[in-house]
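Participant: Starting off with a structure, shown below.
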Amino acid sequence: MRKSALFWFGLVVTALVTLGLVILSSASEANAMRLHNDAYFFIKRQFMYLGAGVVLAVLVSLFDYHKWRDWEFLTWAFFVVVMVLLAAVFQFRAINGSHRWIAVGPVRIQPSELAKMLTVILLAVWLDKASWRVELFMRGAFWPAMLIGIIALPVLLEPDFGSVMVIGAVGFLMMFVSGTRILHMLPFVLGGVGVVVFKVMTNANRMARIAAFFGVKINVGAEVVDAAAKRAAYQVEQALAAIGNSDIWGAGLGESMQKHLYLPEAHTDFVFAVGAEELGIVFSMSVVLLFVAFFALSIYIARKASDRFGRFLVIGMAFIIFFQAMFNVGVVCKALPTKGMALPFFSYGGTNLLSAFFAVGTILSVGIHSYCDKKRALLRKVVMR
């Protein structure tokens, strides 16, 4: 492990966070004035979340990641806490038809974000301890798939199809990387996809979003579907208008027209569109390249990790961030159907930002401890000579 890789990784994360704050400060102004009569409401709260996130990342990076595997009670305690929180969301009122948040005073917690982190940690522990037995059906495919299903089921019932997609994707990626046979995984992949497709097809709002994406009309609850379809199509059209208003350098920071109540989710799911409008193609390409660099450096750290367990943790955590980023950009550019998924480090939201910093801290923990392990190994060789 080279120290320079950790330095560049930290630099990329810093660049993403800094650019995210700059764009969010502009994108959130109109909604902040409309909802709270304070143009800086959202950015002030985001700075609070950022402070907490940096502290969390530092603490997690200094924490020996091996403890997740060696102290099993710690992993299972995390599992119990997350599952209790996922069950607790149904005791709170639905927002936009979904039970996704736990309200604690002015703070809202989204347990599905924690479920993504739990999936990576739990599977990394299981797959590492399974060792060569991952090639066997029960140890390598059946039980890991059951763990994914147990975590994903309450998230599916909220419903939060985006988080289910992330949990399933990262879970099966980790199984593949660990050496699980594709033929063993295939029945569970097909079964999981089948369940999600069934839930989507029986959900009028989701079907409306898909219909709006493909430009077709469907007949499943006329008024509800028509309203949802128009809302989904409107958001994407406004996002494309924002991107279309820019050129190479954009309209200028703070000069977006679409953020002035034309684009409803300008400070959350569609913050990328505002950034593209104000800072142009330079911003769009920079964001994509920064996330590609984030993932590439993470893979390098994973390859240089001291053990399989660290490798699994890094690949899982990095994939969650990268997958969500690329999916968000795809939705904004109308390359994918409209689905609410935050852009990591950019979109407003406490739980999402803290989860991203938890992932960053975990990647750094593996990198730092692997670097120290290499130094100790070299020192022992010198001493033995």
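Labels used: A, B, ... for chains in the order of the structure tokens, numbers from 1 for residues in each chain, and numbers from 1 for ligands as shown.
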Hey, what's within 6 Å of range 264-273 of chain A if we count only C-alpha atoms and toss same-chain stuff fewer than 5 positions away? As a list in words, please?

Facilitator: Ala27, Ser28, Ala239, Ala242, Ile243, Lys259, Met341, Ala342, Ser347 and Tyr348 of chain A

Participant: Write out as a ChimeraX atom specification the residues lying within 10 Å of Phe358 in chain A, counting only C-alpha atoms and excluding same-chain residues fewer than 5 positions away.

Facilitator: /A:53-61,114,117,317,352-353,363-364

Participant: Restricting the output to N, CA and C atoms, write the selected residues as a compact mmCIF listing (two decimals), in the first residue's frame.

Facilitator:
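Saved the output as part-v4.txt:
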```
# COMPACT_ATOMS: atom_id res chain seq x y z
N GLY A 53 -20.01 14.35 9.91
CA GLY A 53 -19.51 13.33 8.98
C GLY A 53 -17.99 13.24 9.00
N VAL A 54 -17.32 14.38 9.06
CA VAL A 54 -15.85 14.37 9.11
C VAL A 54 -15.36 13.70 10.39
N VAL A 55 -16.01 14.02 11.51
CA VAL A 55 -15.64 13.38 12.79
C VAL A 55 -15.87 11.87 12.69
N LEU A 56 -17.00 11.48 12.12
CA LEU A 56 -17.30 10.05 11.97
C LEU A 56 -16.26 9.37 11.08
N ALA A 57 -15.89 10.00 9.97
CA ALA A 57 -14.91 9.41 9.06
C ALA A 57 -13.56 9.24 9.74
N VAL A 58 -13.16 10.21 10.54
CA VAL A 58 -11.88 10.12 11.26
C VAL A 58 -11.91 8.98 12.26
N LEU A 59 -13.00 8.90 13.03
CA LEU A 59 -13.12 7.85 14.04
C LEU A 59 -13.12 6.45 13.39
N VAL A 60 -13.88 6.32 12.30
CA VAL A 60 -13.96 5.02 11.62
C VAL A 60 -12.62 4.66 10.98
N SER A 61 -11.91 5.65 10.44
CA SER A 61 -10.61 5.38 9.82
C SER A 61 -9.58 4.92 10.84
N LEU A 114 -28.40 3.15 6.45
CA LEU A 114 -27.61 2.31 7.34
C LEU A 114 -27.67 0.85 6.88
N MET A 117 -24.85 0.04 4.51
CA MET A 117 -23.57 -0.18 5.21
C MET A 117 -23.56 -1.54 5.89
N MET A 317 -18.09 -0.81 0.01
CA MET A 317 -18.33 0.59 0.36
C MET A 317 -18.16 1.50 -0.85
N ASN A 352 -27.73 10.45 4.53
CA ASN A 352 -27.00 10.12 3.31
C ASN A 352 -25.54 10.57 3.41
N LEU A 353 -25.32 11.78 3.91
CA LEU A 353 -23.96 12.31 4.01
C LEU A 353 -23.15 11.55 5.06
N ILE A 363 -13.01 2.73 4.12
CA ILE A 363 -11.99 2.56 3.08
C ILE A 363 -10.63 3.03 3.58
N LEU A 364 -10.61 4.18 4.26
CA LEU A 364 -9.36 4.69 4.81
C LEU A 364 -8.82 3.78 5.91
```

Participant: Tell me which protein, DNA and RNA residues are within 7 Å of Leu85 in chain A, counting only C-alpha atoms, leaving out same-chain ones fewer than 4 positions away, and put them as a count of residues only.

Facilitator: 3

Participant: Go through A:Ala335, A:Leu147, A:Val360, A:Val193 and flag the residue nearest Leu11 in chain A, using only C-alpha atoms for the distances.

Facilitator: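 Using only C-alpha atoms, the shortest distance to Leu11 in chain A belongs to A:Val360.
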
Participant: DSSP on the backbone: which residues in range 55-115 of chain A end up as strand (DSSP E)? Give the answer as a PDB file with N, CA, C and O atoms, in the first residue's frame.

Facilitator:
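Okay, selection_7.pdb is ready:
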```pdb
ATOM      1  N   ILE A 102     -37.419   8.292  10.207  1.00  0.00           N
ATOM      2  CA  ILE A 102     -37.742   8.358  11.628  1.00  0.00           C
ATOM      3  C   ILE A 102     -37.481   9.791  12.066  1.00  0.00           C
ATOM      4  O   ILE A 102     -36.364  10.297  11.935  1.00  0.00           O
ATOM      5  N   ALA A 103     -38.507  10.459  12.545  1.00  0.00           N
ATOM      6  CA  ALA A 103     -38.387  11.859  12.957  1.00  0.00           C
ATOM      7  C   ALA A 103     -38.044  11.945  14.435  1.00  0.00           C
ATOM      8  O   ALA A 103     -38.777  11.438  15.287  1.00  0.00           O
ATOM      9  N   VAL A 104     -36.907  12.564  14.736  1.00  0.00           N
ATOM     10  CA  VAL A 104     -36.481  12.798  16.119  1.00  0.00           C
ATOM     11  C   VAL A 104     -36.311  14.299  16.273  1.00  0.00           C
ATOM     12  O   VAL A 104     -35.248  14.852  16.012  1.00  0.00           O
ATOM     13  N   VAL A 107     -34.698  16.482  13.452  1.00  0.00           N
ATOM     14  CA  VAL A 107     -33.812  15.594  12.695  1.00  0.00           C
ATOM     15  C   VAL A 107     -34.594  14.394  12.172  1.00  0.00           C
ATOM     16  O   VAL A 107     -35.416  13.812  12.878  1.00  0.00           O
ATOM     17  N   ARG A 108     -34.312  14.032  10.903  1.00  0.00           N
ATOM     18  CA  ARG A 108     -34.927  12.850  10.302  1.00  0.00           C
ATOM     19  C   ARG A 108     -33.835  11.842   9.942  1.00  0.00           C
ATOM     20  O   ARG A 108     -32.848  12.196   9.308  1.00  0.00           O
ATOM     21  N   ILE A 109     -34.037  10.601  10.357  1.00  0.00           N
ATOM     22  CA  ILE A 109     -33.080   9.526  10.101  1.00  0.00           C
ATOM     23  C   ILE A 109     -33.661   8.590   9.060  1.00  0.00           C
ATOM     24  O   ILE A 109     -34.837   8.214   9.139  1.00  0.00           O
TER      25      ILE A 109
END
```
